[in-house]
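Comments concern the structure below.
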There are 2 protein chains.
Amino acid sequence: MTKPSDSEQSGQTQTQGEGKLGIIDKKISRRDLLRMAGVGGAGLLLGATGMGGLFSAQERSSAKPASQTAKVDSDQMVSFYGTHQAGITTPPQDFIVFASFDLTAGSLDEVRKLFQAWTTAAATMASGEMLGSNNDNLNLPPSDTGEAAGLSPSRTTITFGVGASFFDGRYGLAGKRPAALADLPPFGGDELREEWSGGDIGVQVNANDLQIAFHAIRNLARIARGKAVLRWTQEGFQRTSGADPAGATPRNLMGFKDGTNNPDVNDDAEMKKVVWAAASDGTPWMDQGSYMVVRRIRVRIEVWDRSSLGDQENTFGRHRSSGAPLGSANETDKLDLEKKDQKGEPVIPMNAHIRLAHGDGSVKILRRSFSYSSGMDNKTGQLDAGLLFICFNRDSRKQFIPMQTKLGQSDLLNEYIVHTGSATFACFPGVREGGYIGETLF
Amino acid sequence: MTKPSDSEQSGQTQTQGEGKLGIIDKKISRRDLLRMAGVGGAGLLLGATGMGGLFSAQERSSAKPASQTAKVDSDQMVSFYGTHQAGITTPPQDFIVFASFDLTAGSLDEVRKLFQAWTTAAATMASGEMLGSNNDNLNLPPSDTGEAAGLSPSRTTITFGVGASFFDGRYGLAGKRPAALADLPPFGGDELREEWSGGDIGVQVNANDLQIAFHAIRNLARIARGKAVLRWTQEGFQRTSGADPAGATPRNLMGFKDGTNNPDVNDDAEMKKVVWAAASDGTPWMDQGSYMVVRRIRVRIEVWDRSSLGDQENTFGRHRSSGAPLGSANETDKLDLEKKDQKGEPVIPMNAHIRLAHGDGSVKILRRSFSYSSGMDNKTGQLDAGLLFICFNRDSRKQFIPMQTKLGQSDLLNEYIVHTGSATFACFPGVREGGYIGETLF
């Protein structure tokens with residue numbers, strides 16, 4: 001008989017023990033679970049005696065169906081493996097659950113094991129499969145918590161990065177911190193709170209299903225037990241793709257289209273310039289990785305909602321309904337910052353958000369933001385809602401920091417927003433099947 | 001020239017001023033907005049001068065397109081009007097935003113006006129239309145906050161009810177409180193917190209899009225300014241219908257199928273018995289209404305995740321993978337509570353959740369619950385996630401209260417859950433087009 005072990009151990013061991021990534025994990029797909037009523041049925045008398053803990057996996061294995069691979073539509077699945085991590089230039093999914101972790105691991109070896117286990121788990125979840133092999137053994141905590149069973153992969157991506165505190169010396173990596181993972185200076189509009197800031201590790205999970213995204217963070221936290229603990233999490237959303245079959249640019253909670261001027265993720269040259277770190281930048285282990293900035297930006301919803309449409313449009317520098325820059329007719333019209341009205345005043349105000357964010361056009365970032373709604377602020381009775389701003393750039397010192405410095409100083413938007421959380425992470429390069437996230441560093 | 005007024009006034013006035021429900025509101029649909037780039041374009045020079053506040057709606061009206069009605073797939077839209085309110089026997093959508101309000105209105109007349117304005121707004125939003133007619137006037141705060149512009153109705157339903165405190169005498173309605181809107185007694189497992197409990201008014205918004213549901217609560221709160229304030233809100237979700245095209249019974253965050261034994265909403269006789277209040281029950285104004293119970297139930301995620309599959313299955317009395325009752329092979333197999341194992345022990349434990357909830361089968365409720373995830377509990381570092389339990393019943397004294405009393409006493413599930421919030425509401429009957437929610441009472 002196998003001996004029951006506690007969940008953190010079993011989760012850890014089995015994930016690592018499988019070695020060949022995804023081979024055993026894929027034995028039972030989440031979809032296949034739907035067809036497996038028989039497994040549960042066969043096992044029920046064991047469970048019903050209240051003595052389930054005494055029976056081993058072997059005793060139930062006869063009820064297990066033959067190995068099956070989930071059939072999933074390819075447009076439902078984003079491969080976890082590749083030159084780059086998924087979830088960066090991947091077109092944004094409908095939901096995000098972001099989690100920041102702090103390490104409690106005692107050694108770099110344990111950190112490495114954590115990332116190895118996470119890699120296996122992330123690839124498995126991106127494929128829409130159940131985690132681990134202990135999902136029908138009554139003795140043990142199930143390897144997978146089960147709430148995503150039977151669901152399609154829903155374009156799940158899981159993106160890992162490490163923060164500045166990761167390089168504080170605990171793991172002998174102080175000399176490895178990338179200069180591009182710079183500390184952010186204080187910005188105008190910052191009212192940062194510890195509870196939504198920082199972290200040794202950042203994990204961005206995106207999916208077209210919020211329950212699947214929650215499932216991923218929950219299971220990654222579970223696998224991390226004894227090695228890392230959650231520091232903060234934030235859920236986010238945008239309009240679901242189902243509600244907008246035409247695929248228009250999504251609107252933020254201020255009612256404006258958000259992301260119109262984002263660089264084109266299909267333009268490889270642009271992505272090299274804007275997003276992907278290169279070995280020649282000075283940190284070889286970050287070659288083909290990217291730097292992520294996360295900002296929890298609360299919108300003063302009630303104040304915004306009392307401002308006139310004219311003020312709102314001048315604040316962004318765009319028309320609300322069409323998304324066109326002020327002075328233009330269509331959303332994608334080229335930004336003309338020189339245009340003057342009949343009185344000689346700039347059509348797009350000097351401190352409008354798009355003017356400041358655009359600058360001279362030479363500095364770009366790849367934004368990948370989501371709306372958030374976290375109930376009510378009990379102190380004020382107002383909605384705690386806004387933007388979970390996320391961006392990727394090749395070097396925060398040259399891109400995000402100068403851009404946000406300028407915005408923090410004079411963006412008209414500052415009247416309506418407050419930055420309540422902040423974190424930055426160096427997101428590793430992608431891995432090939434058989435490798436693990438972080439292997440270039442550890 | 002029109003004079004700008006502050007948003008609460010304009011929001012209020014225009015909604016009421018339109019009188020004929022939905023006639024003017026529907027002039028510009030959210031979908032049509034996508035085709036209206038020209039409107040923004042034509043108006044931009046006004047806005048760009050920074051003097052938008054001086055221009056009236058009339059000056060921009062020439063750019064307005066002819067009245068159009070949104071074309072929406074009928075399976076995307078749930079009618080707001082009917083004998084009963086929508087959102088009760090309506091098959092559950094993918095998302096919920098629940099909000100509890102406290103009244104600040106000075107008179108019953110103001111309360112009536114609030115519900116009239118809310119009725120217009122709710123019907124408009126259920127149709128996927130923009131709220132109000134001031135959405136292109138630069139002088140005024142837009143009638144609609146805009147974040148749902150261009151999106152399909154996404155099966156939006158908005159359900160209104162009033163709590164016990166509504167009948168406290170402020171509005172001369174103390175004698176009208178239904179006996180069936182009984183105060184809930186303390187239950188085992190209660191650790192209720194004020195911040196997620198009670199309220200004069202409860203509003204349940206459901207939609208297949210979280211941004212649309214958020215938009216609805218936000219705009220209802222905005223319309224209520226000066227008459228009611230938010231008391232608490234809670235977002236929730238289940239797996240999206242898109243992630244489960246087969247339409248299996250959804251799983252809760254404990255990984256188990258939830259709702260298998262719910263009464264059949266298509267069985268009119270059953271719904272009359274279980275859900276719909278009747279005039280003969282003693283409260284004529286609630287005829288064809290229903291009583292809603294809302295419980296915020298936190299799951300001790302980390303504890304649950306360390307328990308064995310056998311314990312988990314015994315707790316619910318069902319198999320996790322198939323959803324079948326212990327002792328049965330299929331999810332929908334009839335519950336056999338008498339079945340014994342070879343040792344003569346009941347196959348479904350005496351304190352299993354389904355046994356206690358089922359009782360003798362004579363008392364039922366209609367459950368309509370969602371999962372929730374509200375980040376982390378900063379005190380414990382654990383996930384604040386669980387179930388936003390919602391049920392409807394004809395008389396809470398005879399249905400929910402005895403059922404929950406029994407569960408609170410001995411449900412095995414109590415080891416893993418804690419009730420942190422609680423509220424009950426008398427949900428009005430539905431209204432015909434031209435009427436308003438609450439008209440049978442006010």
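Chain identifiers are assigned as A, B, and so on, following the order in which chains appear in the structure tokens; residues are numbered from 1 within each chain, and ligands are numbered from 1 in order of appearance.
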
(message) Taking 3 positions as the minimum chain separation for residues in the same chain, which residues sit within 9 Å of Glu191 of chain A when counting only C-alpha atoms? Answer as a ChimeraX atom specification.
(response) /A:188,418-421

Contacts of Arg296 of chain B within 10 Å, only C-alpha atoms, excl. fewer than 2 positions in-chain, as a PDB file with C-alpha atoms, in the first residue's frame:
```pdb
ATOM      1  CA  LEU B 192     -20.832  37.124   9.660  1.00  0.00           C
ATOM      2  CA  ARG B 193     -19.238  40.454   8.985  1.00  0.00           C
ATOM      3  CA  TRP B 196     -20.884  41.764   3.622  1.00  0.00           C
ATOM      4  CA  SER B 197     -24.287  41.675   5.291  1.00  0.00           C
ATOM      5  CA  GLN B 234     -19.463  41.126  -4.495  1.00  0.00           C
ATOM      6  CA  VAL B 294     -27.485  35.691  -0.223  1.00  0.00           C
ATOM      7  CA  ARG B 298     -15.626  31.502   2.252  1.00  0.00           C
ATOM      8  CA  VAL B 299     -13.967  28.178   1.555  1.00  0.00           C
ATOM      9  CA  SER B 369     -24.763  30.363  -6.736  1.00  0.00           C
ATOM     10  CA  PHE B 370     -21.473  31.599  -8.127  1.00  0.00           C
ATOM     11  CA  SER B 371     -17.832  31.216  -7.184  1.00  0.00           C
ATOM     12  CA  TYR B 372     -15.978  34.238  -5.956  1.00  0.00           C
ATOM     13  CA  ALA B 385     -12.381  32.694  -2.262  1.00  0.00           C
ATOM     14  CA  GLY B 386     -15.464  30.573  -2.092  1.00  0.00           C
ATOM     15  CA  LEU B 387     -19.120  30.608  -2.932  1.00  0.00           C
ATOM     16  CA  LEU B 388     -21.497  33.495  -3.314  1.00  0.00           C
ATOM     17  CA  PHE B 389     -24.472  31.351  -2.392  1.00  0.00           C
ATOM     18  CA  ILE B 390     -27.780  32.663  -3.665  1.00  0.00           C
ATOM     19  CA  VAL B 418     -17.288  29.783   6.972  1.00  0.00           C
ATOM     20  CA  HIS B 419     -20.245  32.054   6.300  1.00  0.00           C
ATOM     21  CA  THR B 420     -18.883  35.610   6.254  1.00  0.00           C
ATOM     22  CA  GLY B 421     -21.857  37.514   4.854  1.00  0.00           C
ATOM     23  CA  SER B 422     -25.621  37.230   4.843  1.00  0.00           C
ATOM     24  CA  ALA B 423     -28.605  39.117   3.486  1.00  0.00           C
TER      25      ALA B 423
END
```

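Neighbouring residues of Asp109 of chain A at 10 Å or closer, counting only C-alpha atoms and skipping chain neighbours under 6 positions away, are A:Phe115, A:Tyr171, A:Phe442.
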
(message) Can you measure atom CA of Thr159 of chain B to atom CA of Gln204 of chain B for me? One decimal in Å is fine.
(response)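 Computed distance, atom CA of Thr159 of chain B to atom CA of Gln204 of chain B, equals 5.1 Å.
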
(message) What's around segment 221-228 of chain B at 10 Å? Count only C-alpha atoms, leave out sequence neighbours fewer than 3 positions away in its own chain, and write the answer as an NGL selection string.
(response) (:A and (301-302 or 305-306 or 382-383)) or (:B and (7-13 or 15 or 99-107 or 110-111 or 113-115 or 117-118 or 121 or 143-145 or 200-201 or 215-218 or 231))

I need the residues from that last selection saved to file as a compact mmCIF listing (two decimals), in the first residue's frame (with N, CA and C atoms), if you can.
```txt
# COMPACT_ATOMS: atom_id res chain seq x y z
N ILE A 301 -13.85 56.45 -9.73
CA ILE A 301 -15.02 56.23 -10.59
C ILE A 301 -16.05 57.35 -10.43
N GLU A 302 -16.37 57.67 -9.19
CA GLU A 302 -17.45 58.61 -8.93
C GLU A 302 -17.09 60.02 -9.41
N ASP A 305 -17.20 59.99 -13.27
CA ASP A 305 -18.57 59.92 -13.77
C ASP A 305 -19.30 61.25 -13.67
N ARG A 306 -18.74 62.19 -12.90
CA ARG A 306 -19.38 63.50 -12.79
C ARG A 306 -18.72 64.53 -13.71
N GLN A 382 -16.91 53.93 -1.76
CA GLN A 382 -16.81 54.02 -3.21
C GLN A 382 -16.29 52.70 -3.80
N LEU A 383 -16.51 52.55 -5.10
CA LEU A 383 -16.08 51.33 -5.76
C LEU A 383 -14.55 51.27 -5.80
N SER B 7 -23.85 65.44 -12.49
CA SER B 7 -24.23 64.16 -13.08
C SER B 7 -25.40 63.50 -12.39
N GLU B 8 -25.47 63.63 -11.09
CA GLU B 8 -26.56 62.90 -10.43
C GLU B 8 -27.90 63.47 -10.87
N GLN B 9 -27.93 64.80 -11.03
CA GLN B 9 -29.19 65.40 -11.46
C GLN B 9 -29.50 65.01 -12.89
N SER B 10 -28.51 65.16 -13.75
CA SER B 10 -28.80 64.89 -15.16
C SER B 10 -29.15 63.42 -15.35
N GLY B 11 -28.41 62.56 -14.66
CA GLY B 11 -28.71 61.13 -14.77
C GLY B 11 -30.14 60.86 -14.35
N GLN B 12 -30.50 61.47 -13.26
CA GLN B 12 -31.82 61.25 -12.72
C GLN B 12 -32.91 61.77 -13.65
N THR B 13 -32.73 63.02 -14.01
CA THR B 13 -33.76 63.71 -14.75
C THR B 13 -34.02 63.06 -16.10
N THR B 15 -33.49 60.15 -17.11
CA THR B 15 -34.06 58.82 -17.06
C THR B 15 -35.56 58.90 -16.83
N ALA B 99 -25.01 43.72 -5.56
CA ALA B 99 -24.83 44.95 -4.79
C ALA B 99 -25.97 45.12 -3.80
N SER B 100 -25.60 45.53 -2.61
CA SER B 100 -26.57 45.87 -1.59
C SER B 100 -26.51 47.39 -1.38
N PHE B 101 -27.68 48.01 -1.34
CA PHE B 101 -27.76 49.46 -1.18
C PHE B 101 -28.47 49.80 0.12
N ASP B 102 -28.12 50.94 0.70
CA ASP B 102 -28.89 51.53 1.79
C ASP B 102 -29.52 52.82 1.30
N LEU B 103 -30.77 52.99 1.63
CA LEU B 103 -31.49 54.18 1.18
C LEU B 103 -31.10 55.41 1.98
N THR B 104 -31.01 56.53 1.31
CA THR B 104 -30.83 57.82 1.96
C THR B 104 -31.98 58.75 1.58
N ALA B 105 -32.88 58.24 0.76
CA ALA B 105 -34.01 59.03 0.27
C ALA B 105 -34.84 59.53 1.45
N GLY B 106 -35.40 60.72 1.29
CA GLY B 106 -36.13 61.34 2.38
C GLY B 106 -37.60 60.96 2.43
N SER B 107 -38.10 60.35 1.38
CA SER B 107 -39.54 60.06 1.35
C SER B 107 -39.82 58.85 0.47
N GLU B 110 -39.57 59.62 -3.16
CA GLU B 110 -38.22 59.54 -3.74
C GLU B 110 -37.82 58.09 -4.01
N VAL B 111 -38.21 57.21 -3.10
CA VAL B 111 -37.90 55.79 -3.30
C VAL B 111 -38.59 55.30 -4.58
N LYS B 113 -39.44 57.08 -7.15
CA LYS B 113 -38.74 57.64 -8.31
C LYS B 113 -37.45 56.88 -8.61
N LEU B 114 -36.79 56.46 -7.54
CA LEU B 114 -35.57 55.67 -7.73
C LEU B 114 -35.88 54.37 -8.48
N PHE B 115 -36.92 53.68 -8.03
CA PHE B 115 -37.25 52.41 -8.68
C PHE B 115 -37.77 52.62 -10.10
N ALA B 117 -36.70 55.03 -12.11
CA ALA B 117 -35.49 55.29 -12.90
C ALA B 117 -34.70 54.00 -13.09
N TRP B 118 -34.60 53.21 -12.04
CA TRP B 118 -33.89 51.93 -12.15
C TRP B 118 -34.56 50.98 -13.14
N ALA B 121 -33.65 52.05 -16.59
CA ALA B 121 -32.23 51.76 -16.84
C ALA B 121 -31.99 50.26 -16.99
N SER B 143 -24.58 60.14 -20.08
CA SER B 143 -25.62 59.39 -19.37
C SER B 143 -25.16 57.98 -19.05
N ASP B 144 -24.36 57.45 -19.95
CA ASP B 144 -23.88 56.08 -19.80
C ASP B 144 -22.36 56.13 -19.65
N THR B 145 -21.84 55.34 -18.72
CA THR B 145 -20.40 55.43 -18.46
C THR B 145 -19.56 54.78 -19.55
N ASP B 200 -30.83 47.67 2.64
CA ASP B 200 -32.23 47.99 2.37
C ASP B 200 -32.69 47.40 1.04
N ILE B 201 -31.77 47.37 0.07
CA ILE B 201 -32.11 46.92 -1.28
C ILE B 201 -31.01 45.99 -1.77
N HIS B 215 -20.71 47.28 -15.25
CA HIS B 215 -21.31 48.49 -15.82
C HIS B 215 -22.71 48.72 -15.27
N ALA B 216 -23.47 47.65 -15.14
CA ALA B 216 -24.85 47.78 -14.68
C ALA B 216 -24.91 48.28 -13.24
N ILE B 217 -24.15 47.66 -12.36
CA ILE B 217 -24.17 48.08 -10.96
C ILE B 217 -23.63 49.51 -10.82
N ARG B 218 -22.58 49.78 -11.53
CA ARG B 218 -22.01 51.13 -11.45
C ARG B 218 -23.03 52.19 -11.88
N ARG B 231 -23.85 49.67 -0.14
CA ARG B 231 -23.49 49.15 1.19
C ARG B 231 -22.41 48.09 1.06
```

(message) Residues near Phe256 of chain B, anyone? I mean within 9 Å using only C-alpha atoms, not counting same-chain ones fewer than 2 positions away, as a PyMOL selection string.
(response) (chain A and resi 146-147) or (chain B and resi 250-254+258+313+316+318-323)

(request) Could you check how far atom CA of Ala123 of chain B sits from atom CA of Phe80 of chain B, in Å to one decimal? (result) 5.3 Å

(message) So that I can check the secondary structure, give me every residue of segment 242-369 of chain A assigned strand (DSSP E or B) by backbone DSSP, as a list in words.
(response) Arg251, Lys257, Ser290, Tyr291, Met292, Val293, Val294, Arg295, Arg296, Ile297, Arg298, Val299, Arg318, Pro325, Lys340, Pro346, Leu366 and Arg367 of chain A

(request) Any chance you could list, as a ChimeraX atom specification, the residues in segment 348-386 of chain B that come up alpha helix (DSSP H) when DSSP is run on the backbone? (result) /B:353-358

(message) If I take atom CA of Pro91 of chain B and atom CA of Ile348 of chain B, how far is one from the other in Å, to one decimal?
(response) 29.0 Å

(request) Excluding Gly361 of chain A and residues on its chain fewer than 4 positions from it, collect all residues at most 12 Å away from it, counting only C-alpha atoms, and give them as a ChimeraX atom specification. (result) /A:261-263,334-337,354-357,365,399,403

For C-alpha atoms, I'd like the residues from the last selection saved as a PDB file, in the first residue's frame.
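Saved to part_5.pdb:
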```
ATOM      1  CA  ASN A 261      -1.742  52.622 -30.317  1.00  0.00           C
ATOM      2  CA  ASN A 262      -0.112  49.498 -28.956  1.00  0.00           C
ATOM      3  CA  PRO A 263       2.796  48.275 -31.084  1.00  0.00           C
ATOM      4  CA  LYS A 334      -2.461  58.747 -37.320  1.00  0.00           C
ATOM      5  CA  LEU A 335      -1.934  60.905 -34.269  1.00  0.00           C
ATOM      6  CA  ASP A 336      -1.494  64.514 -35.397  1.00  0.00           C
ATOM      7  CA  LEU A 337      -0.118  66.331 -32.361  1.00  0.00           C
ATOM      8  CA  ILE A 354      -2.153  60.257 -25.439  1.00  0.00           C
ATOM      9  CA  ARG A 355       0.110  63.208 -26.151  1.00  0.00           C
ATOM     10  CA  LEU A 356       2.279  62.560 -23.100  1.00  0.00           C
ATOM     11  CA  ALA A 357       2.293  58.808 -23.559  1.00  0.00           C
ATOM     12  CA  ILE A 365       5.931  49.824 -24.424  1.00  0.00           C
ATOM     13  CA  GLN A 399      10.933  52.918 -21.702  1.00  0.00           C
ATOM     14  CA  MET A 403       7.232  57.541 -19.876  1.00  0.00           C
TER      15      MET A 403
END
```

(request) Would you list the contacts of segment 241-243 of chain A as a count of residues only, taking every protein, DNA or RNA residue within 12 Å and counting only C-alpha atoms, but skipping same-chain residues closer than 6 positions in sequence? (result) 40

(message) Calculated over only C-alpha atoms, which of the candidates A:Asp190, A:Asp287, A:Glu345, A:Asp268 has the smallest distance to chain B?
(response)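 Smallest separation from chain B among the options: A:Glu345.
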
(message) Using only C-alpha atoms, can you tell me which of A:Ala179, A:Leu138, A:Leu173, A:Ile297 comes closest to chain B?
(response) A:Leu138

(message) Counting only C-alpha atoms, which residue out of B:Gly317, B:Gly202, B:Gly189, B:Gly132 sits closest to chain A?
(response)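 Distance minimum relative to chain A lands on B:Gly317.
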